[in-house]
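Engineer: For reference, this is data.cif, and it has mmCIF, N, CA and C atoms.
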```cif
data_query
#
loop_
_atom_site.label_atom_id
_atom_site.label_comp_id
_atom_site.auth_asym_id
_atom_site.auth_seq_id
_atom_site.Cartn_x
_atom_site.Cartn_y
_atom_site.Cartn_z
N MET A 2 201.23 0.33 208.53
CA MET A 2 199.97 -0.35 208.25
C MET A 2 200.25 -1.82 207.94
N ARG A 3 199.36 -2.64 208.40
CA ARG A 3 199.48 -4.07 208.09
C ARG A 3 199.02 -4.32 206.66
N GLU A 4 199.68 -5.21 206.00
CA GLU A 4 199.35 -5.55 204.62
C GLU A 4 198.13 -6.46 204.56
N GLY A 5 197.29 -6.27 203.55
CA GLY A 5 196.19 -7.18 203.25
C GLY A 5 194.92 -6.99 204.07
N ILE A 6 194.84 -5.98 204.94
CA ILE A 6 193.62 -5.82 205.72
C ILE A 6 192.82 -4.58 205.30
N HIS A 7 193.38 -3.77 204.43
CA HIS A 7 192.71 -2.54 204.01
C HIS A 7 192.13 -2.69 202.61
N PRO A 8 190.95 -2.10 202.37
CA PRO A 8 190.37 -2.18 201.03
C PRO A 8 191.18 -1.35 200.04
N ALA A 9 191.04 -1.69 198.78
CA ALA A 9 191.76 -0.97 197.72
C ALA A 9 191.25 0.47 197.65
N TYR A 10 192.17 1.41 197.52
CA TYR A 10 191.85 2.84 197.48
C TYR A 10 192.28 3.36 196.13
N GLY A 11 191.31 3.79 195.32
CA GLY A 11 191.66 4.24 193.98
C GLY A 11 190.64 5.20 193.42
N PRO A 12 190.85 5.63 192.18
CA PRO A 12 189.93 6.59 191.56
C PRO A 12 188.56 5.98 191.28
N VAL A 13 187.51 6.74 191.60
CA VAL A 13 186.12 6.32 191.41
C VAL A 13 185.33 7.54 190.96
N VAL A 14 184.40 7.34 190.05
CA VAL A 14 183.51 8.41 189.62
C VAL A 14 182.20 8.28 190.39
N PHE A 15 181.79 9.35 191.06
CA PHE A 15 180.48 9.41 191.72
C PHE A 15 179.57 10.22 190.82
N ARG A 16 178.39 9.65 190.51
CA ARG A 16 177.47 10.29 189.56
C ARG A 16 176.13 10.54 190.24
N ASP A 17 175.71 11.80 190.25
CA ASP A 17 174.40 12.21 190.77
C ASP A 17 173.45 12.19 189.58
N ARG A 18 172.59 11.19 189.53
CA ARG A 18 171.69 11.02 188.38
C ARG A 18 170.63 12.12 188.34
N ALA A 19 170.20 12.62 189.48
CA ALA A 19 169.14 13.64 189.51
C ALA A 19 169.62 14.95 188.91
N ALA A 20 170.89 15.31 189.14
CA ALA A 20 171.40 16.59 188.67
C ALA A 20 172.27 16.44 187.42
N ASP A 21 172.43 15.22 186.94
CA ASP A 21 173.28 14.96 185.78
C ASP A 21 174.68 15.55 186.01
N TYR A 22 175.28 15.17 187.14
CA TYR A 22 176.57 15.69 187.56
C TYR A 22 177.44 14.53 188.01
N ALA A 23 178.70 14.56 187.67
CA ALA A 23 179.63 13.50 188.08
C ALA A 23 180.96 14.13 188.45
N PHE A 24 181.65 13.50 189.39
CA PHE A 24 182.97 13.97 189.77
C PHE A 24 183.87 12.78 190.05
N LEU A 25 185.13 12.96 189.77
CA LEU A 25 186.14 11.93 189.95
C LEU A 25 186.90 12.20 191.24
N THR A 26 187.00 11.19 192.08
CA THR A 26 187.73 11.31 193.33
C THR A 26 188.33 9.95 193.67
N ARG A 27 188.99 9.86 194.79
CA ARG A 27 189.54 8.59 195.24
C ARG A 27 188.68 8.07 196.37
N SER A 28 188.43 6.76 196.38
CA SER A 28 187.57 6.17 197.38
C SER A 28 187.83 4.67 197.47
N THR A 29 187.30 4.06 198.52
CA THR A 29 187.35 2.61 198.65
C THR A 29 186.08 1.97 198.11
N ALA A 30 185.11 2.79 197.71
CA ALA A 30 183.86 2.27 197.14
C ALA A 30 184.15 1.58 195.81
N THR A 31 183.42 0.50 195.55
CA THR A 31 183.63 -0.23 194.30
C THR A 31 182.29 -0.40 193.59
N SER A 32 182.37 -0.71 192.31
CA SER A 32 181.18 -0.92 191.52
C SER A 32 181.53 -1.77 190.31
N ALA A 33 180.58 -2.56 189.85
CA ALA A 33 180.80 -3.35 188.65
C ALA A 33 180.61 -2.50 187.40
N LYS A 34 179.88 -1.38 187.53
CA LYS A 34 179.65 -0.49 186.39
C LYS A 34 180.87 0.41 186.19
N THR A 35 181.15 0.72 184.94
CA THR A 35 182.27 1.61 184.62
C THR A 35 181.80 2.72 183.69
N VAL A 36 182.60 3.77 183.62
CA VAL A 36 182.30 4.90 182.75
C VAL A 36 183.62 5.43 182.21
N GLU A 37 183.58 5.91 180.97
CA GLU A 37 184.77 6.53 180.40
C GLU A 37 184.75 8.01 180.80
N TRP A 38 185.82 8.44 181.44
CA TRP A 38 185.91 9.80 181.96
C TRP A 38 186.47 10.73 180.90
N GLU A 39 186.50 12.03 181.18
CA GLU A 39 186.94 13.05 180.23
C GLU A 39 188.38 12.87 179.79
N ASP A 40 189.20 12.23 180.64
CA ASP A 40 190.61 12.04 180.29
C ASP A 40 190.84 10.81 179.43
N GLY A 41 189.77 10.08 179.08
CA GLY A 41 189.87 8.92 178.22
C GLY A 41 190.04 7.62 178.97
N ASN A 42 190.24 7.65 180.27
CA ASN A 42 190.38 6.44 181.07
C ASN A 42 189.03 5.94 181.54
N THR A 43 188.96 4.66 181.84
CA THR A 43 187.74 4.05 182.32
C THR A 43 187.85 3.84 183.83
N TYR A 44 186.82 4.29 184.57
CA TYR A 44 186.81 4.20 186.02
C TYR A 44 185.51 3.55 186.48
N PRO A 45 185.51 2.92 187.66
CA PRO A 45 184.24 2.44 188.21
C PRO A 45 183.35 3.63 188.57
N VAL A 46 182.04 3.46 188.40
CA VAL A 46 181.10 4.55 188.68
C VAL A 46 180.12 4.11 189.75
N VAL A 47 179.89 4.99 190.73
CA VAL A 47 178.93 4.76 191.80
C VAL A 47 177.83 5.80 191.65
N ASP A 48 176.58 5.35 191.48
CA ASP A 48 175.45 6.27 191.35
C ASP A 48 174.96 6.63 192.74
N VAL A 49 174.79 7.93 192.97
CA VAL A 49 174.30 8.42 194.26
C VAL A 49 172.96 9.13 194.05
N GLU A 50 172.15 9.14 195.09
CA GLU A 50 170.84 9.77 195.02
C GLU A 50 170.92 11.29 195.09
N ILE A 51 171.87 11.80 195.86
CA ILE A 51 171.94 13.23 196.09
C ILE A 51 173.40 13.63 196.31
N SER A 52 173.74 14.81 195.85
CA SER A 52 175.09 15.35 196.06
C SER A 52 174.97 16.84 196.37
N ASP A 53 176.10 17.51 196.46
CA ASP A 53 176.05 18.93 196.78
C ASP A 53 175.39 19.75 195.67
N VAL A 54 175.31 19.21 194.49
CA VAL A 54 174.68 19.92 193.37
C VAL A 54 173.16 19.86 193.45
N SER A 55 172.61 18.78 194.01
CA SER A 55 171.16 18.64 194.04
C SER A 55 170.57 18.72 195.45
N HIS A 56 171.39 18.82 196.48
CA HIS A 56 170.87 18.88 197.86
C HIS A 56 170.25 20.25 198.13
N PRO A 57 169.05 20.29 198.69
CA PRO A 57 168.36 21.57 198.92
C PRO A 57 169.15 22.55 199.79
N PHE A 58 169.93 22.06 200.74
CA PHE A 58 170.70 22.96 201.59
C PHE A 58 171.72 23.75 200.78
N TYR A 59 172.39 23.09 199.86
CA TYR A 59 173.43 23.75 199.06
C TYR A 59 172.87 24.55 197.89
N THR A 60 171.70 24.15 197.39
CA THR A 60 171.14 24.85 196.24
C THR A 60 170.28 26.04 196.64
N GLY A 61 169.92 26.14 197.92
CA GLY A 61 169.10 27.25 198.38
C GLY A 61 167.62 27.07 198.14
N THR A 62 167.20 25.86 197.83
CA THR A 62 165.78 25.60 197.59
C THR A 62 165.14 24.86 198.75
N ALA A 63 165.71 24.99 199.93
CA ALA A 63 165.17 24.30 201.09
C ALA A 63 163.79 24.87 201.45
N ARG A 64 162.89 24.00 201.86
CA ARG A 64 161.56 24.42 202.25
C ARG A 64 161.53 24.66 203.75
N VAL A 65 160.84 25.67 204.16
CA VAL A 65 160.62 25.93 205.57
C VAL A 65 159.23 25.43 205.91
N LEU A 66 159.17 24.52 206.87
CA LEU A 66 157.87 23.97 207.25
C LEU A 66 157.13 24.94 208.14
N ASP A 67 155.84 24.96 207.99
CA ASP A 67 154.98 25.83 208.78
C ASP A 67 154.66 25.11 210.09
N THR A 68 155.60 25.17 211.03
CA THR A 68 155.40 24.45 212.28
C THR A 68 154.34 25.10 213.15
N ALA A 69 154.20 26.41 213.10
CA ALA A 69 153.19 27.09 213.91
C ALA A 69 151.80 26.66 213.47
N GLY A 70 151.58 26.58 212.18
CA GLY A 70 150.29 26.14 211.67
C GLY A 70 149.99 24.71 212.04
N ARG A 71 150.99 23.88 212.07
CA ARG A 71 150.80 22.49 212.43
C ARG A 71 150.44 22.35 213.90
N VAL A 72 151.08 23.16 214.74
CA VAL A 72 150.77 23.12 216.17
C VAL A 72 149.34 23.59 216.41
N GLU A 73 148.95 24.68 215.76
CA GLU A 73 147.59 25.19 215.92
C GLU A 73 146.56 24.17 215.44
N ARG A 74 146.83 23.52 214.34
CA ARG A 74 145.91 22.50 213.83
C ARG A 74 145.79 21.35 214.82
N PHE A 75 146.91 20.93 215.42
CA PHE A 75 146.89 19.86 216.42
C PHE A 75 146.05 20.28 217.62
N GLU A 76 146.24 21.53 218.08
CA GLU A 76 145.49 22.01 219.24
C GLU A 76 144.00 22.10 218.95
N ARG A 77 143.63 22.50 217.73
CA ARG A 77 142.22 22.56 217.36
C ARG A 77 141.62 21.15 217.33
N ARG A 78 142.37 20.22 216.79
CA ARG A 78 141.85 18.88 216.63
C ARG A 78 141.72 18.16 217.97
N TYR A 79 142.71 18.26 218.81
CA TYR A 79 142.72 17.47 220.05
C TYR A 79 142.50 18.31 221.30
N GLY A 80 142.35 19.59 221.15
CA GLY A 80 142.10 20.46 222.30
C GLY A 80 143.38 20.83 223.00
N LYS A 81 143.41 22.04 223.46
CA LYS A 81 144.59 22.54 224.14
C LYS A 81 144.55 22.12 225.59
N LYS A 82 145.63 21.54 226.07
CA LYS A 82 145.70 21.15 227.48
C LYS A 82 146.14 22.33 228.29
N GLY A 83 145.59 22.48 229.46
CA GLY A 83 146.03 23.60 230.25
C GLY A 83 145.31 23.80 231.47
#
```
Transcribe the structure of this file into structure tokens.
Structural biologist:
Amino acid sequence: MREGIHPAYGPVVFRDRAADYAFLTRSTATSAKTVEWEDGNTYPVVDVEISDVSHPFYTGTARVLDTAGRVERFERRYGKKG
């Protein structure tokens, strides 16, 4: 690898504010905000909107849309072509 062209790769805390969940991993993402982790060290923290803890696919709370009803409503409103 060439020196000086790659971003710094180090420990970062990603925090899901919606689920009140955080995890420590390594990343090139940076942030001016910091947080003290469970091990007593201070790490940069990146706030995310959604993670595997709050995503509907992983939590099993995904909604199934009523596509048949939507199609029927469209056909009633604009008439069925045929």
Engineer: Could you spell out the hits of the PyMOL selection byres ((chain A and resi 20-27) around 8) on the shown file, as a VMD selection string?
Structural biologist: chain A and resid 10 to 19 28 to 30 50 to 52 54 to 55
Engineer: Any chance you can output those residues with N, CA and C atoms as a compact mmCIF listing (two decimals), in the coordinates of the input?
Structural biologist:
```
# COMPACT_ATOMS: atom_id res chain seq x y z
N TYR A 10 192.17 1.41 197.52
CA TYR A 10 191.85 2.84 197.48
C TYR A 10 192.28 3.36 196.13
N GLY A 11 191.31 3.79 195.32
CA GLY A 11 191.66 4.24 193.98
C GLY A 11 190.64 5.20 193.42
N PRO A 12 190.85 5.63 192.18
CA PRO A 12 189.93 6.59 191.56
C PRO A 12 188.56 5.98 191.28
N VAL A 13 187.51 6.74 191.60
CA VAL A 13 186.12 6.32 191.41
C VAL A 13 185.33 7.54 190.96
N VAL A 14 184.40 7.34 190.05
CA VAL A 14 183.51 8.41 189.62
C VAL A 14 182.20 8.28 190.39
N PHE A 15 181.79 9.35 191.06
CA PHE A 15 180.48 9.41 191.72
C PHE A 15 179.57 10.22 190.82
N ARG A 16 178.39 9.65 190.51
CA ARG A 16 177.47 10.29 189.56
C ARG A 16 176.13 10.54 190.24
N ASP A 17 175.71 11.80 190.25
CA ASP A 17 174.40 12.21 190.77
C ASP A 17 173.45 12.19 189.58
N ARG A 18 172.59 11.19 189.53
CA ARG A 18 171.69 11.02 188.38
C ARG A 18 170.63 12.12 188.34
N ALA A 19 170.20 12.62 189.48
CA ALA A 19 169.14 13.64 189.51
C ALA A 19 169.62 14.95 188.91
N SER A 28 188.43 6.76 196.38
CA SER A 28 187.57 6.17 197.38
C SER A 28 187.83 4.67 197.47
N THR A 29 187.30 4.06 198.52
CA THR A 29 187.35 2.61 198.65
C THR A 29 186.08 1.97 198.11
N ALA A 30 185.11 2.79 197.71
CA ALA A 30 183.86 2.27 197.14
C ALA A 30 184.15 1.58 195.81
N GLU A 50 172.15 9.14 195.09
CA GLU A 50 170.84 9.77 195.02
C GLU A 50 170.92 11.29 195.09
N ILE A 51 171.87 11.80 195.86
CA ILE A 51 171.94 13.23 196.09
C ILE A 51 173.40 13.63 196.31
N SER A 52 173.74 14.81 195.85
CA SER A 52 175.09 15.35 196.06
C SER A 52 174.97 16.84 196.37
N VAL A 54 175.31 19.21 194.49
CA VAL A 54 174.68 19.92 193.37
C VAL A 54 173.16 19.86 193.45
N SER A 55 172.61 18.78 194.01
CA SER A 55 171.16 18.64 194.04
C SER A 55 170.57 18.72 195.45
```
Engineer: Taking the DSSP assignment computed from this structure's backbone, write out as an mmCIF file with N, CA and C atoms, in the frame of the given file all residues of stretch 2-82 of chain A that belong to strand (DSSP E).
Structural biologist:
```
data_model
loop_
_atom_site.group_PDB
_atom_site.id
_atom_site.type_symbol
_atom_site.label_atom_id
_atom_site.label_comp_id
_atom_site.auth_asym_id
_atom_site.auth_seq_id
_atom_site.Cartn_x
_atom_site.Cartn_y
_atom_site.Cartn_z
ATOM 1 N N GLY A 11 191.310 3.790 195.320
ATOM 2 C CA GLY A 11 191.660 4.240 193.980
ATOM 3 C C GLY A 11 190.640 5.200 193.420
ATOM 4 N N PRO A 12 190.850 5.630 192.180
ATOM 5 C CA PRO A 12 189.930 6.590 191.560
ATOM 6 C C PRO A 12 188.560 5.980 191.280
ATOM 7 N N VAL A 13 187.510 6.740 191.600
ATOM 8 C CA VAL A 13 186.120 6.320 191.410
ATOM 9 C C VAL A 13 185.330 7.540 190.960
ATOM 10 N N VAL A 14 184.400 7.340 190.050
ATOM 11 C CA VAL A 14 183.510 8.410 189.620
ATOM 12 C C VAL A 14 182.200 8.280 190.390
ATOM 13 N N PHE A 15 181.790 9.350 191.060
ATOM 14 C CA PHE A 15 180.480 9.410 191.720
ATOM 15 C C PHE A 15 179.570 10.220 190.820
ATOM 16 N N ARG A 16 178.390 9.650 190.510
ATOM 17 C CA ARG A 16 177.470 10.290 189.560
ATOM 18 C C ARG A 16 176.130 10.540 190.240
ATOM 19 N N ASP A 17 175.710 11.800 190.250
ATOM 20 C CA ASP A 17 174.400 12.210 190.770
ATOM 21 C C ASP A 17 173.450 12.190 189.580
ATOM 22 N N TYR A 22 175.280 15.170 187.140
ATOM 23 C CA TYR A 22 176.570 15.690 187.560
ATOM 24 C C TYR A 22 177.440 14.530 188.010
ATOM 25 N N ALA A 23 178.700 14.560 187.670
ATOM 26 C CA ALA A 23 179.630 13.500 188.080
ATOM 27 C C ALA A 23 180.960 14.130 188.450
ATOM 28 N N PHE A 24 181.650 13.500 189.390
ATOM 29 C CA PHE A 24 182.970 13.970 189.770
ATOM 30 C C PHE A 24 183.870 12.780 190.050
ATOM 31 N N LEU A 25 185.130 12.960 189.770
ATOM 32 C CA LEU A 25 186.140 11.930 189.950
ATOM 33 C C LEU A 25 186.900 12.200 191.240
ATOM 34 N N THR A 26 187.000 11.190 192.080
ATOM 35 C CA THR A 26 187.730 11.310 193.330
ATOM 36 C C THR A 26 188.330 9.950 193.670
ATOM 37 N N ARG A 27 188.990 9.860 194.790
ATOM 38 C CA ARG A 27 189.540 8.590 195.240
ATOM 39 C C ARG A 27 188.680 8.070 196.370
ATOM 40 N N SER A 28 188.430 6.760 196.380
ATOM 41 C CA SER A 28 187.570 6.170 197.380
ATOM 42 C C SER A 28 187.830 4.670 197.470
ATOM 43 N N THR A 35 181.150 0.720 184.940
ATOM 44 C CA THR A 35 182.270 1.610 184.620
ATOM 45 C C THR A 35 181.800 2.720 183.690
ATOM 46 N N VAL A 36 182.600 3.770 183.620
ATOM 47 C CA VAL A 36 182.300 4.900 182.750
ATOM 48 C C VAL A 36 183.620 5.430 182.210
ATOM 49 N N GLU A 37 183.580 5.910 180.970
ATOM 50 C CA GLU A 37 184.770 6.530 180.400
ATOM 51 C C GLU A 37 184.750 8.010 180.800
ATOM 52 N N THR A 43 188.960 4.660 181.840
ATOM 53 C CA THR A 43 187.740 4.050 182.320
ATOM 54 C C THR A 43 187.850 3.840 183.830
ATOM 55 N N TYR A 44 186.820 4.290 184.570
ATOM 56 C CA TYR A 44 186.810 4.200 186.020
ATOM 57 C C TYR A 44 185.510 3.550 186.480
ATOM 58 N N PRO A 45 185.510 2.920 187.660
ATOM 59 C CA PRO A 45 184.240 2.440 188.210
ATOM 60 C C PRO A 45 183.350 3.630 188.570
ATOM 61 N N VAL A 46 182.040 3.460 188.400
ATOM 62 C CA VAL A 46 181.100 4.550 188.680
ATOM 63 C C VAL A 46 180.120 4.110 189.750
ATOM 64 N N VAL A 47 179.890 4.990 190.730
ATOM 65 C CA VAL A 47 178.930 4.760 191.800
ATOM 66 C C VAL A 47 177.830 5.800 191.650
ATOM 67 N N ASP A 48 176.580 5.350 191.480
ATOM 68 C CA ASP A 48 175.450 6.270 191.350
ATOM 69 C C ASP A 48 174.960 6.630 192.740
ATOM 70 N N VAL A 49 174.790 7.930 192.970
ATOM 71 C CA VAL A 49 174.300 8.420 194.260
ATOM 72 C C VAL A 49 172.960 9.130 194.050
#
```
Engineer: Please indicate the distance in Å from atom N of A:Val36 to atom CA of A:Asp48, rounded to one decimal place.
Structural biologist: 10.8 Å
Engineer: Just to confirm, what's the straight-line distance from atom CA of A:His7 to atom C of A:Val49 in Å (one decimal)?
Structural biologist: 25.0 Å
Engineer: What is the distance between atom CA of A:Ala9 and atom C of A:Thr31, in Å to one decimal?
Structural biologist: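 Those two atoms sit 10.3 Å apart.
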Engineer: Using only N, CA and C atoms, list the residues that have an atom at most 8 Å from (183.8, -2.9, 190.4), coordinates as in the file, as a VMD selection string.
Structural biologist: chain A and resid 30 to 35 44 to 46
Engineer: Those same residues, written as a PDB file, in the coordinates of the input with N, CA and C atoms?
Structural biologist:
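selection-v5.pdb written:
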```
ATOM      1  N   ALA A  30     185.110   2.790 197.710  1.00  0.00           N
ATOM      2  CA  ALA A  30     183.860   2.270 197.140  1.00  0.00           C
ATOM      3  C   ALA A  30     184.150   1.580 195.810  1.00  0.00           C
ATOM      4  N   THR A  31     183.420   0.500 195.550  1.00  0.00           N
ATOM      5  CA  THR A  31     183.630  -0.230 194.300  1.00  0.00           C
ATOM      6  C   THR A  31     182.290  -0.400 193.590  1.00  0.00           C
ATOM      7  N   SER A  32     182.370  -0.710 192.310  1.00  0.00           N
ATOM      8  CA  SER A  32     181.180  -0.920 191.520  1.00  0.00           C
ATOM      9  C   SER A  32     181.530  -1.770 190.310  1.00  0.00           C
ATOM     10  N   ALA A  33     180.580  -2.560 189.850  1.00  0.00           N
ATOM     11  CA  ALA A  33     180.800  -3.350 188.650  1.00  0.00           C
ATOM     12  C   ALA A  33     180.610  -2.500 187.400  1.00  0.00           C
ATOM     13  N   LYS A  34     179.880  -1.380 187.530  1.00  0.00           N
ATOM     14  CA  LYS A  34     179.650  -0.490 186.390  1.00  0.00           C
ATOM     15  C   LYS A  34     180.870   0.410 186.190  1.00  0.00           C
ATOM     16  N   THR A  35     181.150   0.720 184.940  1.00  0.00           N
ATOM     17  CA  THR A  35     182.270   1.610 184.620  1.00  0.00           C
ATOM     18  C   THR A  35     181.800   2.720 183.690  1.00  0.00           C
ATOM     19  N   TYR A  44     186.820   4.290 184.570  1.00  0.00           N
ATOM     20  CA  TYR A  44     186.810   4.200 186.020  1.00  0.00           C
ATOM     21  C   TYR A  44     185.510   3.550 186.480  1.00  0.00           C
ATOM     22  N   PRO A  45     185.510   2.920 187.660  1.00  0.00           N
ATOM     23  CA  PRO A  45     184.240   2.440 188.210  1.00  0.00           C
ATOM     24  C   PRO A  45     183.350   3.630 188.570  1.00  0.00           C
ATOM     25  N   VAL A  46     182.040   3.460 188.400  1.00  0.00           N
ATOM     26  CA  VAL A  46     181.100   4.550 188.680  1.00  0.00           C
ATOM     27  C   VAL A  46     180.120   4.110 189.750  1.00  0.00           C
TER      28      VAL A  46
END
```
